[in-house]
Structure formats: structure tokens, C-alpha cells
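Q: Starting off with a structure, shown below.
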Amino acid sequence: MSQNRQPQDSNKISLGDWAIEELPGLNSEERSQLLECGITTTGMLISQANSPAAKVALSNQLKVNLERVNKWVALADLARIPSVGVEYCGLLLHAGVVSVAQLRNMLTYRLHKQILGLQVATMQRRDLCPTIEQVQLWIQQAQRIMN
């Protein structure tokens with residue numbers, strides 16, 4: 001279930017703010033821990049873990065590795081892009097993209113090739129790879145978000 005913020009003007013896009021349960025890479029215990037801390041959406045996770053010190057504090061509070069918190073925040077950040085959402089944020093992270101800021105500077109064809117290589121190496125399937133047009137849209141939306 002997506003809860004999108006409305007754009008302020010026509011040049012802005014609605015940012016994805018997803019229920020924390022929809023974020024990939026969380027097991028049921030981690031979801032419960034985040035909910036117990038009052039973190040119910042990806043937007044709340046990003047705002048509560050908005051600095052290195054805040055990430056360390058959350059890691060200590062949840063008694064999980066800092067790397068786990070960093071991964072969750074990276075996934076939540078990428079999921080803000082409407083065309084990426086929770087469906088593709090994990091794929092981007094596994095392809096080496098860790099933030100919207102990084103994505104906005106990627107070259108479409110290079111990123112598409114990285115994702116295709118990942119899909120073939122891990123799943124032996126080319127047909128699961130997003131189209132070049134999808135990848136281009138991700139990059140364009142990342143650029144608009146970062147403006």
C-alpha cells in the first residue's frame with residue numbers, strides 16, 4: 001500500500017512512502033522491531049536514520065548490525081522513486097546502486113547492462129530484466145527528485 005505525498009508543483013513528482021512491511025529484505029522479527037520503535041513507513045525510517053549517528057543509534061536500539069540498518073535505509077531511499085518503489089529497490093541495490101543521488105548520475109545503458117548481468121548470473125533469466133525504458137525512467141525520476 002503506497003502512501004504518496006502530493007507534489008508541490010508540476011516539476012516535482014510524488015515520492016513513494018511505503019508501509020514498512022512492504023520493504024524487501026526485512027524478516028518478520030525486524031519488521032516487528034521497527035514497528036515497536038514507531039517506524040511504520042519507509043519515509044519514517046529515512047527521517048529517523050538521517051545521519052550516521054542516527055543510524056548507529058537505531059542499530060543499537062534494535063540490536064542489529066549497522067550494515068542492516070544501512071541496507072534498509074538504502075532500500076527505503078530507492079523506493080521513494082515512484083517507478084522503482086518496493087518492487088525494484090532491491091534489484092537496484094543488488095546491482096550496486098545505493099541511493100537516489102547515485103542513481104541520478106548513472107548512464108542508462110550501463111545500468112541496464114549491470115542489471116541484465118545480475119539477472120543472468122543469479123537467475124539465468126534475461127526476461128526478468130526491466131526494459132531500457134524503465135531504467136531510463138528510474139534515472140529521470142531520480143534526477144527530478146534531487147533537483
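Letters A, B, ... mark the chains of the C-alpha cells in the order given; residue numbers begin at 1 per chain; ligand numbers begin at 1, in order shown.
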Which residues, written as a list in words, have at least one atom at most 8 Å from A:Lys55, with only C-alpha atoms counted and residues fewer than 6 positions away on the same chain left out?

A: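 Contacts, in chain order: Gln48, Ala49, Leu66, Val69 and Asn70 of chain A.
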
Q: With only C-alpha atoms as the counted atoms, please give the residues lying no more than 12 Å from A:Val100, apart from itself and same-chain residues fewer than 4 positions off, as a PDB file with N, CA and C atoms, in the first residue's frame.

A:
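Saved the output as part-v2.pdb:
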```pdb
ATOM      1  N   LEU A  15       6.597  11.311  -4.126  1.00  0.00           N
ATOM      2  CA  LEU A  15       7.568  10.368  -3.601  1.00  0.00           C
ATOM      3  C   LEU A  15       6.855   9.192  -2.954  1.00  0.00           C
ATOM      4  N   VAL A  73      17.851   1.546   4.963  1.00  0.00           N
ATOM      5  CA  VAL A  73      17.736   2.960   4.591  1.00  0.00           C
ATOM      6  C   VAL A  73      17.986   3.123   3.092  1.00  0.00           C
ATOM      7  N   ALA A  74      18.961   2.407   2.554  1.00  0.00           N
ATOM      8  CA  ALA A  74      19.235   2.479   1.112  1.00  0.00           C
ATOM      9  C   ALA A  74      18.021   1.986   0.317  1.00  0.00           C
ATOM     10  N   LEU A  75      17.419   0.883   0.745  1.00  0.00           N
ATOM     11  CA  LEU A  75      16.222   0.367   0.071  1.00  0.00           C
ATOM     12  C   LEU A  75      15.080   1.381   0.150  1.00  0.00           C
ATOM     13  N   ALA A  76      14.880   1.959   1.329  1.00  0.00           N
ATOM     14  CA  ALA A  76      13.804   2.941   1.511  1.00  0.00           C
ATOM     15  C   ALA A  76      14.042   4.181   0.650  1.00  0.00           C
ATOM     16  N   ASP A  77      15.306   4.605   0.552  1.00  0.00           N
ATOM     17  CA  ASP A  77      15.647   5.756  -0.272  1.00  0.00           C
ATOM     18  C   ASP A  77      15.323   5.474  -1.736  1.00  0.00           C
ATOM     19  N   LEU A  78      15.746   4.340  -2.251  1.00  0.00           N
ATOM     20  CA  LEU A  78      15.473   3.990  -3.648  1.00  0.00           C
ATOM     21  C   LEU A  78      13.978   3.805  -3.896  1.00  0.00           C
ATOM     22  N   ALA A  79      13.257   3.291  -2.899  1.00  0.00           N
ATOM     23  CA  ALA A  79      11.812   3.068  -3.052  1.00  0.00           C
ATOM     24  C   ALA A  79      11.032   4.375  -3.156  1.00  0.00           C
ATOM     25  N   ARG A  80      11.658   5.508  -2.796  1.00  0.00           N
ATOM     26  CA  ARG A  80      10.980   6.812  -2.940  1.00  0.00           C
ATOM     27  C   ARG A  80      10.669   7.122  -4.391  1.00  0.00           C
ATOM     28  N   ILE A  81      11.458   6.583  -5.311  1.00  0.00           N
ATOM     29  CA  ILE A  81      11.251   6.841  -6.736  1.00  0.00           C
ATOM     30  C   ILE A  81       9.999   6.077  -7.167  1.00  0.00           C
ATOM     31  N   PRO A  82       8.984   6.782  -7.647  1.00  0.00           N
ATOM     32  CA  PRO A  82       7.707   6.121  -7.962  1.00  0.00           C
ATOM     33  C   PRO A  82       7.820   4.921  -8.893  1.00  0.00           C
ATOM     34  N   VAL A  84      10.316   2.968  -9.269  1.00  0.00           N
ATOM     35  CA  VAL A  84      11.134   1.923  -8.641  1.00  0.00           C
ATOM     36  C   VAL A  84      10.326   1.255  -7.536  1.00  0.00           C
ATOM     37  N   GLY A  85       9.881   2.058  -6.566  1.00  0.00           N
ATOM     38  CA  GLY A  85       9.081   1.542  -5.458  1.00  0.00           C
ATOM     39  C   GLY A  85       9.734   0.359  -4.764  1.00  0.00           C
ATOM     40  N   CYS A  89      13.532  -1.716  -5.812  1.00  0.00           N
ATOM     41  CA  CYS A  89      14.603  -1.140  -4.992  1.00  0.00           C
ATOM     42  C   CYS A  89      15.654  -2.189  -4.630  1.00  0.00           C
ATOM     43  N   LEU A  92      17.942  -2.804  -7.678  1.00  0.00           N
ATOM     44  CA  LEU A  92      18.928  -1.727  -7.829  1.00  0.00           C
ATOM     45  C   LEU A  92      20.047  -1.856  -6.801  1.00  0.00           C
ATOM     46  N   LEU A  93      19.684  -2.149  -5.563  1.00  0.00           N
ATOM     47  CA  LEU A  93      20.698  -2.290  -4.519  1.00  0.00           C
ATOM     48  C   LEU A  93      21.659  -3.431  -4.856  1.00  0.00           C
ATOM     49  N   GLY A  96      24.274  -2.602  -7.265  1.00  0.00           N
ATOM     50  CA  GLY A  96      25.304  -1.680  -6.812  1.00  0.00           C
ATOM     51  C   GLY A  96      24.870  -0.242  -6.649  1.00  0.00           C
ATOM     52  N   ARG A 104      20.811   9.023  -9.971  1.00  0.00           N
ATOM     53  CA  ARG A 104      20.607  10.159 -10.891  1.00  0.00           C
ATOM     54  C   ARG A 104      21.794  10.391 -11.806  1.00  0.00           C
ATOM     55  N   ASN A 105      22.974   9.936 -11.396  1.00  0.00           N
ATOM     56  CA  ASN A 105      24.181  10.138 -12.199  1.00  0.00           C
ATOM     57  C   ASN A 105      24.566   8.933 -13.045  1.00  0.00           C
ATOM     58  N   MET A 106      23.741   7.892 -13.015  1.00  0.00           N
ATOM     59  CA  MET A 106      24.054   6.677 -13.771  1.00  0.00           C
ATOM     60  C   MET A 106      23.737   6.876 -15.247  1.00  0.00           C
ATOM     61  N   TRP A 138      13.664   5.461 -14.301  1.00  0.00           N
ATOM     62  CA  TRP A 138      14.199   5.497 -12.936  1.00  0.00           C
ATOM     63  C   TRP A 138      15.212   6.632 -12.803  1.00  0.00           C
ATOM     64  N   ILE A 139      16.109   6.715 -13.761  1.00  0.00           N
ATOM     65  CA  ILE A 139      17.162   7.735 -13.708  1.00  0.00           C
ATOM     66  C   ILE A 139      16.555   9.133 -13.842  1.00  0.00           C
ATOM     67  N   GLN A 140      15.610   9.297 -14.753  1.00  0.00           N
ATOM     68  CA  GLN A 140      14.962  10.601 -14.932  1.00  0.00           C
ATOM     69  C   GLN A 140      14.232  11.025 -13.660  1.00  0.00           C
ATOM     70  N   GLN A 141      13.507  10.110 -13.037  1.00  0.00           N
ATOM     71  CA  GLN A 141      12.796  10.459 -11.803  1.00  0.00           C
ATOM     72  C   GLN A 141      13.765  10.747 -10.675  1.00  0.00           C
ATOM     73  N   ALA A 142      14.873  10.020 -10.609  1.00  0.00           N
ATOM     74  CA  ALA A 142      15.892  10.307  -9.589  1.00  0.00           C
ATOM     75  C   ALA A 142      16.455  11.714  -9.780  1.00  0.00           C
ATOM     76  N   GLN A 143      16.661  12.098 -11.024  1.00  0.00           N
ATOM     77  CA  GLN A 143      17.155  13.452 -11.308  1.00  0.00           C
ATOM     78  C   GLN A 143      16.150  14.506 -10.866  1.00  0.00           C
ATOM     79  N   ARG A 144      14.875  14.252 -11.108  1.00  0.00           N
ATOM     80  CA  ARG A 144      13.830  15.217 -10.708  1.00  0.00           C
ATOM     81  C   ARG A 144      13.706  15.291  -9.189  1.00  0.00           C
ATOM     82  N   ILE A 145      13.848  14.183  -8.509  1.00  0.00           N
ATOM     83  CA  ILE A 145      13.774  14.179  -7.037  1.00  0.00           C
ATOM     84  C   ILE A 145      14.906  14.994  -6.447  1.00  0.00           C
ATOM     85  N   MET A 146      16.090  14.852  -7.037  1.00  0.00           N
ATOM     86  CA  MET A 146      17.280  15.507  -6.481  1.00  0.00           C
ATOM     87  C   MET A 146      17.398  16.973  -6.858  1.00  0.00           C
ATOM     88  N   ASN A 147      16.515  17.491  -7.697  1.00  0.00           N
ATOM     89  CA  ASN A 147      16.557  18.912  -8.073  1.00  0.00           C
ATOM     90  C   ASN A 147      15.993  19.785  -6.983  1.00  0.00           C
TER      91      ASN A 147
END
```

Q: If DSSP is run on the backbone, what residues of chain A are strand (DSSP E or B)? A reply as a list of chain:residue names would be ideal.

A: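 Across chain A, those assigned strand (DSSP E or B) are A:Ser2, A:Trp18, A:Ala19, A:Thr41.
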
Q: Could you tell me, as an MDAnalysis selection string, which residues of chain A DSSP assigns to alpha helix (DSSP H) when given the backbone?

A: chainID A and resid 28:36 42:48 52:62 66:79 85:94 100:104 108:123 132:146

Q: Give me, as number ranges by chain, all polymer residues having an atom no more than 8 Å from A:Gly90, counting only C-alpha atoms and skipping those fewer than 4 positions away in the same chain.

A: A: 24-25, 75, 86, 94

Q: Find, counting only C-alpha atoms, the residue in A:Gly43, A:Gly16, A:Pro130, A:Pro52 that gets nearest to A:Leu116.

A: A:Pro130

Q: Just checking: using only C-alpha atoms, which residue out of A:Cys37, A:Gln119, A:Gln136, A:Leu45 ends up closest to A:Trp72?

A: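 Smallest distance to A:Trp72 is found for A:Leu45.
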
Q: In Å, with one decimal, what is the gap from atom CA of A:Leu91 to atom CA of A:Gln61?

A: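 Taking atom CA of A:Leu91 as the start and atom CA of A:Gln61 as the end point, the length is 28.0 Å.
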
Q: Which residue out of A:Leu23, A:Leu34, A:Leu111, A:Val120 has the minimum interatomic distance to A:Glu133 when only C-alpha atoms are used?

A: A:Leu111

Q: Calculate how many Å separate atom CA of A:Gln134 from atom CA of A:Trp18, rounding to one decimal.

A: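 A separation of 20.2 Å between them.
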
Q: In Å to one decimal, how far is atom CA of A:Ser32 from atom CA of A:Asp17?

A: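 Those two atoms sit 18.2 Å apart.
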